[in-house]
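S.K.: Sharing model_20.csv (CSV, C-alpha atoms) below.
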```csv
chain,number,residue,atom,x,y,z
R,1,MET,CA,10.4,20.3,-25.6
R,2,ALA,CA,13.0,17.7,-26.7
R,3,LYS,CA,13.3,14.7,-24.4
R,4,LYS,CA,16.5,14.0,-22.6
R,5,HIS,CA,18.2,10.7,-23.3
R,6,GLU,CA,20.1,8.8,-20.6
R,7,ASN,CA,21.8,5.4,-20.5
R,8,TYR,CA,21.5,2.9,-17.7
R,9,ASP,CA,22.4,-0.7,-16.9
R,10,VAL,CA,19.2,-1.4,-15.2
R,11,VAL,CA,15.9,0.4,-15.1
R,12,ILE,CA,13.5,-0.7,-12.4
R,13,ILE,CA,9.9,0.2,-12.7
R,14,GLY,CA,8.2,0.6,-9.3
R,15,ALA,CA,9.6,1.4,-5.9
R,16,GLY,CA,7.8,-1.1,-3.7
R,17,SER,CA,9.5,-3.8,-1.7
R,18,ALA,CA,10.4,-5.7,-4.9
R,19,GLY,CA,11.8,-2.7,-6.8
R,20,LEU,CA,13.7,-1.3,-3.9
R,21,THR,CA,15.3,-4.7,-3.1
R,22,ALA,CA,16.3,-5.1,-6.7
R,23,GLY,CA,17.8,-1.6,-6.5
R,24,ILE,CA,19.8,-2.5,-3.4
R,25,TYR,CA,21.3,-5.6,-5.1
R,26,CYS,CA,21.9,-3.8,-8.4
R,27,GLY,CA,23.5,-0.8,-6.6
R,28,ARG,CA,25.8,-3.1,-4.7
R,29,SER,CA,26.8,-4.8,-7.9
R,30,MET,CA,27.9,-1.4,-9.2
R,31,LEU,CA,25.3,-1.4,-11.9
R,32,LYS,CA,24.1,2.0,-13.0
R,33,THR,CA,20.6,1.8,-11.8
R,34,LEU,CA,17.4,3.9,-12.0
R,35,ILE,CA,14.2,3.3,-10.2
R,36,ILE,CA,11.1,5.0,-11.7
R,37,GLU,CA,8.1,5.4,-9.3
R,38,GLN,CA,4.8,7.0,-10.3
R,39,SER,CA,3.6,7.8,-6.8
R,40,LEU,CA,5.4,7.5,-3.5
R,41,VAL,CA,8.2,5.1,-2.4
R,42,GLY,CA,7.1,1.9,-0.7
R,43,GLY,CA,4.2,0.6,-2.7
R,44,LEU,CA,1.1,-1.1,-1.4
R,45,ILE,CA,2.5,-2.1,1.9
R,46,THR,CA,2.7,1.5,3.0
R,47,SER,CA,-1.0,1.4,3.5
R,48,THR,CA,-0.5,-1.3,6.2
R,49,GLU,CA,-0.2,0.2,9.6
R,50,ASP,CA,1.5,-2.7,11.4
R,51,LEU,CA,3.4,-5.5,9.8
R,52,GLU,CA,3.8,-8.4,12.2
R,53,ASN,CA,5.2,-11.2,10.0
R,54,TYR,CA,8.3,-9.5,8.6
R,55,PRO,CA,11.3,-11.3,10.1
R,56,GLY,CA,13.6,-9.3,12.2
R,57,PHE,CA,10.9,-7.2,13.8
R,58,PRO,CA,9.5,-9.1,16.8
R,59,GLU,CA,7.6,-6.0,17.9
R,60,GLY,CA,6.1,-5.4,14.4
R,61,VAL,CA,7.0,-2.6,12.1
R,62,GLY,CA,5.0,0.0,10.1
R,63,GLY,CA,4.7,-0.6,6.4
R,64,GLU,CA,5.8,2.9,5.6
R,65,GLU,CA,8.6,2.8,8.2
R,66,LEU,CA,10.0,-0.4,6.7
R,67,MET,CA,9.8,0.8,3.2
R,68,ASN,CA,11.7,4.0,4.1
R,69,LEU,CA,14.5,1.8,5.4
R,70,PHE,CA,14.6,0.0,2.1
R,71,TYR,CA,14.6,3.4,0.3
R,72,GLU,CA,17.5,4.7,2.4
R,73,GLN,CA,19.5,1.5,1.8
R,74,ALA,CA,19.0,1.7,-2.0
R,75,LYS,CA,20.0,5.4,-2.1
R,76,LYS,CA,23.1,4.5,-0.1
R,77,TYR,CA,24.3,2.2,-2.9
R,78,GLY,CA,23.9,5.0,-5.5
R,79,VAL,CA,20.6,4.0,-7.0
R,80,LYS,CA,18.9,7.0,-8.8
R,81,PHE,CA,15.3,7.7,-8.4
R,82,LYS,CA,12.8,9.3,-10.7
R,83,PHE,CA,9.3,10.1,-9.6
R,84,THR,CA,7.1,10.0,-12.6
R,85,ASN,CA,5.0,7.5,-14.6
R,86,VAL,CA,6.3,5.4,-17.5
R,87,LYS,CA,4.5,6.5,-20.7
R,88,GLU,CA,5.8,3.8,-23.1
R,89,VAL,CA,8.2,0.9,-23.3
R,90,ASP,CA,9.9,-0.8,-26.2
R,91,PHE,CA,11.5,-4.1,-25.4
R,92,SER,CA,12.0,-5.3,-29.0
R,93,GLY,CA,15.7,-4.6,-29.4
R,94,GLN,CA,18.7,-5.7,-27.3
R,95,GLU,CA,18.7,-2.1,-25.9
R,96,LYS,CA,15.4,-1.6,-24.0
R,97,ILE,CA,13.7,1.8,-24.1
R,98,VAL,CA,11.6,3.2,-21.2
R,99,GLU,CA,10.0,6.6,-21.8
R,100,THR,CA,8.6,9.1,-19.3
R,101,PHE,CA,7.2,12.5,-20.3
R,102,ARG,CA,10.6,14.2,-20.2
R,103,ASN,CA,13.1,11.4,-20.6
R,104,VAL,CA,14.0,8.5,-22.8
R,105,TYR,CA,16.0,5.9,-20.9
R,106,HIS,CA,18.1,3.4,-22.9
R,107,THR,CA,18.9,0.4,-20.8
R,108,LYS,CA,20.5,-3.0,-21.0
R,109,SER,CA,17.9,-4.5,-18.8
R,110,VAL,CA,14.5,-3.8,-17.2
R,111,ILE,CA,13.0,-5.1,-14.0
R,112,ILE,CA,9.3,-4.7,-13.8
R,113,ALA,CA,8.1,-4.3,-10.2
R,114,THR,CA,4.9,-2.4,-10.7
R,115,GLY,CA,2.9,-4.4,-8.1
R,116,VAL,CA,-0.9,-4.5,-7.8
R,117,LYS,CA,-3.6,-2.1,-7.1
R,118,PRO,CA,-6.9,-2.7,-5.3
R,119,ARG,CA,-9.6,-4.1,-7.6
R,120,LEU,CA,-12.9,-2.2,-8.0
R,121,ILE,CA,-16.2,-3.8,-7.2
R,122,GLY,CA,-17.4,-3.0,-10.7
R,123,CYS,CA,-20.8,-1.6,-9.7
R,124,LYS,CA,-22.6,1.4,-11.0
R,125,GLY,CA,-21.4,4.7,-9.7
R,126,GLU,CA,-18.3,3.4,-8.1
R,127,GLU,CA,-15.6,5.1,-10.1
R,128,GLU,CA,-17.2,8.5,-9.8
R,129,LEU,CA,-17.1,8.3,-6.0
R,130,ILE,CA,-13.6,7.1,-5.4
R,131,GLY,CA,-12.0,9.5,-3.0
R,132,LYS,CA,-15.5,10.9,-2.2
R,133,GLY,CA,-16.7,8.3,0.3
R,134,ILE,CA,-15.2,5.3,-1.4
R,135,SER,CA,-11.8,4.6,-0.1
R,136,PHE,CA,-9.2,1.8,-0.6
R,137,CYS,CA,-7.1,2.9,2.3
R,138,SER,CA,-8.5,2.6,5.8
R,139,THR,CA,-5.4,4.0,7.4
R,140,CYS,CA,-5.6,7.1,5.2
R,141,ASP,CA,-9.3,7.7,5.5
R,142,ALA,CA,-10.2,6.4,9.0
R,143,ASN,CA,-10.6,10.0,10.2
R,144,LEU,CA,-13.5,10.5,7.7
R,145,CYS,CA,-15.3,7.6,9.3
R,146,ILE,CA,-15.7,9.2,12.7
R,147,ASP,CA,-19.3,8.8,13.9
R,148,LYS,CA,-20.5,7.5,10.5
R,149,ASP,CA,-21.7,4.2,9.3
R,150,VAL,CA,-18.9,2.2,7.5
R,151,TYR,CA,-19.3,-0.6,5.0
R,152,VAL,CA,-16.5,-2.9,4.0
R,153,ILE,CA,-17.0,-5.0,0.9
R,154,GLY,CA,-15.3,-8.4,0.8
R,155,GLY,CA,-14.5,-11.4,3.0
R,156,GLY,CA,-10.8,-12.0,2.7
R,157,ASP,CA,-8.0,-11.2,5.2
R,158,SER,CA,-7.6,-7.6,4.2
R,159,ALA,CA,-11.4,-6.9,4.3
R,160,VAL,CA,-11.8,-8.3,7.7
R,161,GLU,CA,-8.7,-6.8,9.2
R,162,GLU,CA,-9.4,-3.4,7.8
R,163,ALA,CA,-13.0,-3.6,9.1
R,164,MET,CA,-11.8,-4.4,12.6
R,165,TYR,CA,-9.5,-1.5,12.4
R,166,LEU,CA,-12.3,0.8,11.3
R,167,THR,CA,-14.5,-0.1,14.2
R,168,LYS,CA,-12.3,2.2,16.3
R,169,PHE,CA,-13.5,5.1,14.2
R,170,GLY,CA,-16.9,4.4,12.6
R,171,ARG,CA,-20.2,4.4,14.6
R,172,LYS,CA,-21.0,1.0,13.2
R,173,VAL,CA,-19.0,-1.1,10.8
R,174,THR,CA,-20.6,-3.7,8.5
R,175,ILE,CA,-18.9,-6.3,6.3
R,176,ILE,CA,-20.9,-7.1,3.1
R,177,HIS,CA,-19.8,-10.4,1.7
R,178,ARG,CA,-21.1,-12.3,-1.3
R,179,ARG,CA,-20.9,-15.7,0.4
R,180,ASP,CA,-22.3,-17.0,3.7
R,181,GLU,CA,-18.8,-17.4,5.3
R,182,LEU,CA,-15.6,-15.5,5.4
R,183,ARG,CA,-12.6,-16.4,3.3
R,184,ALA,CA,-10.2,-14.8,5.9
R,185,ALA,CA,-7.8,-16.9,8.0
R,186,LYS,CA,-9.5,-18.6,11.0
R,187,SER,CA,-7.4,-16.6,13.5
R,188,ILE,CA,-8.6,-13.4,11.9
R,189,GLN,CA,-12.2,-14.6,11.8
R,190,GLU,CA,-12.1,-15.4,15.5
R,191,LYS,CA,-11.1,-11.9,16.4
R,192,ALA,CA,-13.7,-10.5,14.0
R,193,PHE,CA,-16.6,-12.4,15.5
R,194,LYS,CA,-15.6,-11.1,19.0
R,195,CYS,CA,-15.4,-7.5,17.7
R,196,LYS,CA,-18.3,-5.6,19.3
R,197,ASN,CA,-18.9,-3.0,16.7
R,198,LEU,CA,-18.6,-5.3,13.7
R,199,ASN,CA,-21.7,-6.6,11.8
R,200,PHE,CA,-22.2,-8.8,8.8
R,201,ILE,CA,-24.5,-8.9,5.8
R,202,TRP,CA,-24.1,-12.3,4.1
R,203,ASP,CA,-24.8,-13.5,0.6
R,204,THR,CA,-24.9,-10.0,-0.7
R,205,ILE,CA,-23.3,-7.9,-3.4
R,206,VAL,CA,-23.3,-4.2,-4.0
R,207,THR,CA,-24.9,-3.3,-7.3
R,208,GLU,CA,-25.0,0.5,-7.2
R,209,ILE,CA,-23.3,3.3,-5.2
R,210,ASN,CA,-24.8,6.7,-5.4
R,211,GLY,CA,-24.3,10.3,-4.4
R,212,THR,CA,-22.9,13.6,-5.7
R,213,ASP,CA,-19.8,14.5,-3.7
R,214,CYS,CA,-20.2,11.7,-1.2
R,215,VAL,CA,-21.8,8.3,-0.8
R,216,GLU,CA,-25.5,9.1,-0.1
R,217,TYR,CA,-27.0,5.6,-0.7
R,218,MET,CA,-26.2,2.2,-2.2
R,219,VAL,CA,-28.2,-0.7,-3.5
R,220,VAL,CA,-27.3,-4.2,-2.4
R,221,LYS,CA,-28.7,-7.5,-3.7
R,222,ASN,CA,-29.0,-10.8,-1.9
R,223,VAL,CA,-27.5,-13.3,-4.3
R,224,LYS,CA,-29.7,-16.1,-3.0
R,225,THR,CA,-33.1,-14.4,-2.9
R,226,GLY,CA,-32.4,-11.8,-5.5
R,227,GLN,CA,-33.9,-9.2,-3.2
R,228,LYS,CA,-32.6,-5.6,-3.5
R,229,THR,CA,-32.2,-3.3,-0.6
R,230,ILE,CA,-31.3,0.3,-0.4
R,231,ILE,CA,-28.8,1.3,2.3
R,232,GLY,CA,-28.6,4.9,3.4
R,233,PRO,CA,-26.7,6.9,6.0
R,234,ARG,CA,-27.6,6.7,9.7
R,235,GLU,CA,-30.1,9.2,11.0
R,236,GLY,CA,-28.8,12.7,11.3
R,237,HIS,CA,-26.1,12.0,8.7
R,238,THR,CA,-26.1,12.7,5.0
R,239,ASP,CA,-23.4,10.2,3.9
R,240,PHE,CA,-21.4,7.1,4.9
R,241,MET,CA,-18.2,5.4,3.9
R,242,VAL,CA,-17.5,2.4,1.7
R,243,PHE,CA,-14.2,0.4,1.6
R,244,PRO,CA,-14.0,-2.2,-1.1
R,245,TYR,CA,-11.5,-4.9,-0.4
R,246,VAL,CA,-12.3,-7.4,-3.1
R,247,GLY,CA,-8.8,-8.4,-4.3
R,248,LEU,CA,-6.0,-6.9,-6.3
R,249,SER,CA,-5.2,-6.5,-10.0
R,250,PRO,CA,-1.7,-6.2,-11.5
R,251,VAL,CA,-0.5,-2.9,-12.9
R,252,THR,CA,0.8,-4.2,-16.2
R,253,ASN,CA,-1.3,-2.7,-19.0
R,254,ILE,CA,1.6,-0.8,-20.5
R,255,PHE,CA,3.5,-4.0,-21.0
R,256,GLU,CA,0.7,-6.1,-22.6
R,257,ASP,CA,2.1,-5.8,-26.2
R,258,GLU,CA,5.7,-6.4,-25.1
R,259,ILE,CA,5.7,-9.4,-22.8
R,260,GLU,CA,3.7,-12.5,-22.0
R,261,LEU,CA,1.0,-12.0,-19.3
R,262,GLU,CA,-1.3,-14.5,-17.6
R,263,ASN,CA,-4.6,-13.0,-16.5
R,264,GLY,CA,-2.8,-9.7,-16.4
R,265,PHE,CA,0.0,-11.0,-14.2
R,266,ILE,CA,3.6,-11.3,-15.7
R,267,LYS,CA,4.7,-14.8,-16.4
R,268,THR,CA,8.3,-15.5,-15.3
R,269,ASP,CA,10.5,-18.5,-14.5
R,270,GLU,CA,12.2,-19.0,-11.2
R,271,GLU,CA,15.0,-16.7,-12.2
R,272,MET,CA,12.4,-13.9,-12.8
R,273,ASN,CA,13.0,-14.0,-16.6
R,274,THR,CA,10.0,-12.9,-18.7
R,275,ASN,CA,9.6,-14.3,-22.2
R,276,VAL,CA,11.8,-11.3,-23.4
R,277,PRO,CA,15.5,-11.6,-22.8
R,278,GLY,CA,16.7,-8.7,-20.6
R,279,VAL,CA,13.3,-8.0,-19.1
R,280,PHE,CA,12.6,-9.4,-15.7
R,281,ALA,CA,9.7,-9.1,-13.3
R,282,ALA,CA,9.5,-9.2,-9.5
R,283,GLY,CA,7.0,-8.9,-6.8
R,284,ASP,CA,3.2,-8.8,-6.8
R,285,CYS,CA,2.8,-8.1,-10.5
R,286,ARG,CA,4.2,-11.5,-11.2
R,287,SER,CA,2.1,-14.6,-11.6
R,288,LYS,CA,2.7,-16.3,-8.2
R,289,SER,CA,0.9,-17.8,-5.2
R,290,LEU,CA,2.1,-15.8,-2.2
R,291,ARG,CA,2.2,-12.0,-2.3
R,292,GLN,CA,4.0,-10.7,0.8
R,293,VAL,CA,6.7,-8.1,1.4
R,294,ILE,CA,9.2,-10.9,2.0
R,295,THR,CA,8.4,-12.7,-1.2
R,296,ALA,CA,8.5,-9.5,-3.2
R,297,ALA,CA,11.9,-8.7,-1.7
R,298,ALA,CA,13.1,-12.1,-2.6
R,299,ASP,CA,11.9,-11.7,-6.2
R,300,GLY,CA,13.7,-8.4,-6.4
R,301,ALA,CA,17.0,-9.9,-5.3
R,302,ILE,CA,16.7,-12.8,-7.8
R,303,ALA,CA,15.7,-10.4,-10.6
R,304,ALA,CA,18.7,-8.2,-9.8
R,305,ILE,CA,21.2,-11.1,-10.0
R,306,SER,CA,19.5,-12.3,-13.2
R,307,ALA,CA,19.8,-8.8,-14.7
R,308,GLU,CA,23.5,-8.7,-13.8
R,309,LYS,CA,24.1,-12.1,-15.5
R,310,HIS,CA,22.2,-10.9,-18.6
R,311,ILE,CA,24.4,-7.7,-18.8
R,312,ASP,CA,27.6,-9.8,-18.4
R,313,TYR,CA,26.3,-12.1,-21.2
R,314,ILE,CA,25.5,-9.4,-23.7
R,315,GLU,CA,28.8,-7.5,-23.2
U,1,MET,CA,6.8,26.2,-29.5
U,2,SER,CA,6.3,25.1,-26.0
U,3,LYS,CA,7.7,27.2,-23.2
U,4,GLU,CA,9.2,26.4,-19.8
U,5,LEU,CA,8.3,28.7,-16.9
U,6,ARG,CA,9.8,28.6,-13.4
U,7,LEU,CA,8.3,29.1,-10.0
U,8,ASP,CA,10.5,29.7,-7.0
U,9,CYS,CA,9.1,28.2,-3.8
U,10,LEU,CA,12.4,27.7,-2.0
U,11,GLY,CA,12.0,28.3,1.7
U,12,GLU,CA,8.2,28.0,1.6
U,13,ALA,CA,6.4,25.6,3.8
U,14,CYS,CA,3.2,23.7,2.8
U,15,PRO,CA,0.6,24.5,1.7
U,16,VAL,CA,2.2,27.6,0.1
U,17,PRO,CA,4.0,25.8,-2.8
U,18,LEU,CA,0.8,24.0,-3.7
U,19,ILE,CA,-1.3,27.2,-3.6
U,20,LYS,CA,1.3,29.1,-5.6
U,21,THR,CA,1.5,26.3,-8.2
U,22,GLN,CA,-2.3,26.2,-8.6
U,23,LYS,CA,-2.4,29.9,-9.2
U,24,LYS,CA,0.5,29.9,-11.6
U,25,MET,CA,-0.8,26.9,-13.6
U,26,LYS,CA,-3.9,29.0,-14.5
U,27,LYS,CA,-1.5,31.3,-16.5
U,28,VAL,CA,0.5,28.5,-18.1
U,29,GLY,CA,-0.5,27.8,-21.7
U,30,VAL,CA,-1.5,24.3,-22.9
U,31,GLY,CA,1.6,22.4,-23.9
U,32,ASP,CA,3.9,24.6,-21.7
U,33,THR,CA,5.7,23.3,-18.6
U,34,LEU,CA,6.0,24.8,-15.2
U,35,VAL,CA,9.1,24.0,-13.1
U,36,VAL,CA,8.4,24.5,-9.4
U,37,GLU,CA,11.5,24.7,-7.2
U,38,VAL,CA,10.8,23.4,-3.6
U,39,ASP,CA,12.8,22.4,-0.6
U,40,HIS,CA,10.0,21.2,1.7
U,41,SER,CA,9.4,17.5,1.3
U,42,CYS,CA,5.7,17.8,1.8
U,43,ALA,CA,5.5,19.7,-1.5
U,44,ILE,CA,6.8,16.8,-3.5
U,45,LYS,CA,3.7,14.9,-2.3
U,46,ASN,CA,0.9,17.3,-2.5
U,47,VAL,CA,1.9,19.2,-5.6
U,48,PRO,CA,2.3,16.1,-7.9
U,49,GLU,CA,-0.9,14.6,-6.4
U,50,TRP,CA,-2.8,17.7,-7.3
U,51,ALA,CA,-1.1,17.9,-10.8
U,52,ARG,CA,-2.0,14.2,-11.6
U,53,LYS,CA,-5.6,14.7,-10.4
U,54,GLU,CA,-5.8,17.6,-12.9
U,55,GLY,CA,-4.5,15.2,-15.6
U,56,TYR,CA,-1.2,17.0,-16.1
U,57,ASN,CA,2.1,15.3,-16.8
U,58,CYS,CA,4.3,15.5,-13.7
U,59,GLU,CA,7.9,14.6,-12.9
U,60,ILE,CA,10.2,15.2,-9.9
U,61,ASP,CA,13.9,15.7,-10.0
U,62,GLU,CA,16.0,15.7,-6.8
U,63,ILE,CA,18.5,18.3,-7.8
U,64,ASP,CA,20.3,18.5,-4.4
U,65,ASP,CA,19.8,16.9,-1.0
U,66,GLY,CA,16.4,18.1,0.1
U,67,GLN,CA,15.8,20.3,-2.9
U,68,TRP,CA,13.6,19.3,-5.8
U,69,GLU,CA,12.2,20.5,-9.1
U,70,ILE,CA,8.7,19.5,-10.0
U,71,TYR,CA,7.9,19.6,-13.7
U,72,ILE,CA,4.3,20.0,-14.6
U,73,GLU,CA,3.2,20.0,-18.2
U,74,LYS,CA,-0.2,21.5,-18.9
U,75,THR,CA,-1.7,18.9,-21.1
U,76,LYS,CA,-5.2,20.4,-21.6
```
Please lay out the structure from this file as C-alpha cells.
M.R.:
Amino acid sequence: MAKKHENYDVVIIGAGSAGLTAGIYCGRSMLKTLIIEQSLVGGLITSTEDLENYPGFPEGVGGEELMNLFYEQAKKYGVKFKFTNVKEVDFSGQEKIVETFRNVYHTKSVIIATGVKPRLIGCKGEEELIGKGISFCSTCDANLCIDKDVYVIGGGDSAVEEAMYLTKFGRKVTIIHRRDELRAAKSIQEKAFKCKNLNFIWDTIVTEINGTDCVEYMVVKNVKTGQKTIIGPREGHTDFMVFPYVGLSPVTNIFEDEIELENGFIKTDEEMNTNVPGVFAAGDCRSKSLRQVITAAADGAIAAISAEKHIDYIE
Amino acid sequence: MSKELRLDCLGEACPVPLIKTQKKMKKVGVGDTLVVEVDHSCAIKNVPEWARKEGYNCEIDEIDDGQWEIYIEKTK
C-alpha cells in the first residue's frame, strides 16, 4: 500500500510532558503541528501515582491526570496526534522526513521528545520474563503482588518509593541493592527504614531469573563474598514478583545515525538545538542533570520557540 | 498486491473489539492490513497493545470525536 504524504511545520516525536508542552506552544504559535506517540499519551510520569512536587498542586496530582490535562490543552490549540511508532527519520535535507508505517511526514522542523525507558538489570532470563513476573510498573502490577513475596532491585529514589508502595500489597517486600547503603534521598530512606514490611539484602546483585510463565526462582550473588544464593517463592506459592528499578535509558536508537548523542542521550545547547539545524530535543531523552516533569515541560517550551525561530529563518 | 480489509466494531464495548480483531487477524494474509473501526476508547488501548505484542505494525487515526480507525498490518 502506498504511503500517504503530509506536510507539517513541526513534527514532535513523543507525547510525554516535554512533547505535549512543545505541542501547546507550537499550536499557540499557529504552527501546523503533529505529535507522534507510539504508546499512550503522558509518557513515563503516568506510572507515578502521586506527584507531590509539581507546582500549582498543593494536594498533589496523579501523573496520568496531569498528563491528560496537558493533552487536552494541546488538542485545544489544534495539535494533531498520531498514535504509532516512527520507523525511520531522515534529517539530512532542509526538509526533514519522519516515516511511520503508513505515512511519510515532510516537516520544516522536528522536536525529539522520546524520553527514557526503564533500564534492564541485564541478567540471564530477564528479558523472557518481562510481563511474566518481572514488572517495571508497580502501580500497574501491584494487584499481582497480593500475598506474594516481592523483590525490588535497586537503591535509588524510585526503587525505594516503589518498594514502600508495594508493601501494601506483597506479603513481604525486599530491596536487593548492590551497595551497602541506599542512594535514595535521606527523607525517603527515613520512611523506608520505618516501613514494617520492608526488608533489605545489601551488597547483592541478581545474576539469573528463572521460570517458564512466571518467576519461579532467581540467583543472587553477594558482591563482597562472591557467594551465590537461590531465592524461591514463599511456602505454598509457585512464584514471586521482581521489580527492577536500576535507572533509565534514553529512547534514541533510531536517531543514532542522524544526530549527535552522548551515552545515548541527545546533546543539545540551552536553546534545545541538536547538532542538526531544524532538529531539536526536549525532556528526558536529552543529556541533562535533572529529569522531572517540570524540567521536561520547560525544555518543550524552549524547543517550540526555537523551532518557530528556525521556521521563520528558513522562510 | 496487499489488501485492506475492514472490521466494523462501532457500538461494541470492550473486550468485544479485541476478540473480534484477534479472530479476524487469523484470516488476514501476510502483508495485508485490517482496519478496525471502534468508538470505545478502551479499544484504542487494548487492540494496539495486543497487535504490537504480536509484532504487527499498528497505527491509530481519530477520524471523528470519539471514533477511531485502528490499522493493523500483518507483518508475519
S.K.: Report, in Å to a single decimal, how far apart atom CA of Lys45 of chain U and atom CA of Ala74 of chain R are.
M.R.: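 Separation of atom CA of Ala74 of chain R and atom CA of Lys45 of chain U: 20.2 Å.
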S.K.: One number please: atom CA of Asp147 of chain R to atom CA of Phe200 of chain R, in Å, one decimal.
M.R.: 18.6 Å
S.K.: Nearest residue to chain U out of R:Gly62, R:Gly43, R:Gly154, R:Gly131, using only C-alpha atoms?
M.R.: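 Nearest to chain U: R:Gly131.
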S.K.: Could you tell me which of R:Tyr54, R:Tyr25, R:Phe255, R:Phe81 comes closest to Ile60 of chain U if we count only C-alpha atoms?
M.R.: R:Phe81
S.K.: Only residues of chain U matter here; which ones have an atom within 7 Å of chain R, counting only C-alpha atoms? Give them as a PyMOL selection string.
M.R.: chain U and resi 2+57-61
S.K.: Can you list, as an mmCIF file with C-alpha atoms, in the frame of the given file, every protein, DNA or RNA residue that comes within 9 Å of Glu73 of chain U when you count all atoms listed in the file, leaving out same-chain residues fewer than 2 positions away?
M.R.:
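result21.cif, freshly written:
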```
data_model
loop_
_atom_site.group_PDB
_atom_site.id
_atom_site.type_symbol
_atom_site.label_atom_id
_atom_site.label_comp_id
_atom_site.auth_asym_id
_atom_site.auth_seq_id
_atom_site.Cartn_x
_atom_site.Cartn_y
_atom_site.Cartn_z
ATOM 1 C CA PHE R 101 7.200 12.500 -20.300
ATOM 2 C CA GLU U 4 9.200 26.400 -19.800
ATOM 3 C CA VAL U 28 0.500 28.500 -18.100
ATOM 4 C CA VAL U 30 -1.500 24.300 -22.900
ATOM 5 C CA GLY U 31 1.600 22.400 -23.900
ATOM 6 C CA ASP U 32 3.900 24.600 -21.700
ATOM 7 C CA THR U 33 5.700 23.300 -18.600
ATOM 8 C CA LEU U 34 6.000 24.800 -15.200
ATOM 9 C CA VAL U 35 9.100 24.000 -13.100
ATOM 10 C CA ALA U 51 -1.100 17.900 -10.800
ATOM 11 C CA TYR U 56 -1.200 17.000 -16.100
ATOM 12 C CA ASN U 57 2.100 15.300 -16.800
ATOM 13 C CA CYS U 58 4.300 15.500 -13.700
ATOM 14 C CA GLU U 59 7.900 14.600 -12.900
ATOM 15 C CA TYR U 71 7.900 19.600 -13.700
ATOM 16 C CA THR U 75 -1.700 18.900 -21.100
#
```
S.K.: Report, in Å to a single decimal, how far apart atom CA of His177 of chain R and atom CA of Asp203 of chain R are.
M.R.: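 If I compute the distance from atom CA of Asp203 of chain R to atom CA of His177 of chain R, I get 6.0 Å.
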S.K.: Give me the residues within 7 Å of segment 37-44 of chain U as a PyMOL selection string, counting only C-alpha atoms and dropping any in the same chain fewer than 4 places off.
M.R.: chain U and resi 7-11+13-14+17-18+48+66-70
S.K.: Measuring between all atoms listed in the file, which one of R:Glu256, R:Asp284, R:Glu49, R:Glu270 shows the shortest distance to Val61 of chain R?
M.R.: R:Glu49
S.K.: Which residues, written as a PyMOL selection string, have at least one atom at most 6 Å from segment 294-308 of chain R, with all atoms listed in the file counted and residues fewer than 3 positions away on the same chain left out?
M.R.: chain R and resi 17-18+21-22+25-26+272+282-283+311
S.K.: Using only C-alpha atoms, which residues sit within 12 Å of Thr174 of chain R once same-chain residues fewer than 3 positions away are excluded, as a ChimeraX atom specification?
M.R.: /R:148-155,159-160,162-167,170-171,177,192-193,195-202,204,231,240-244
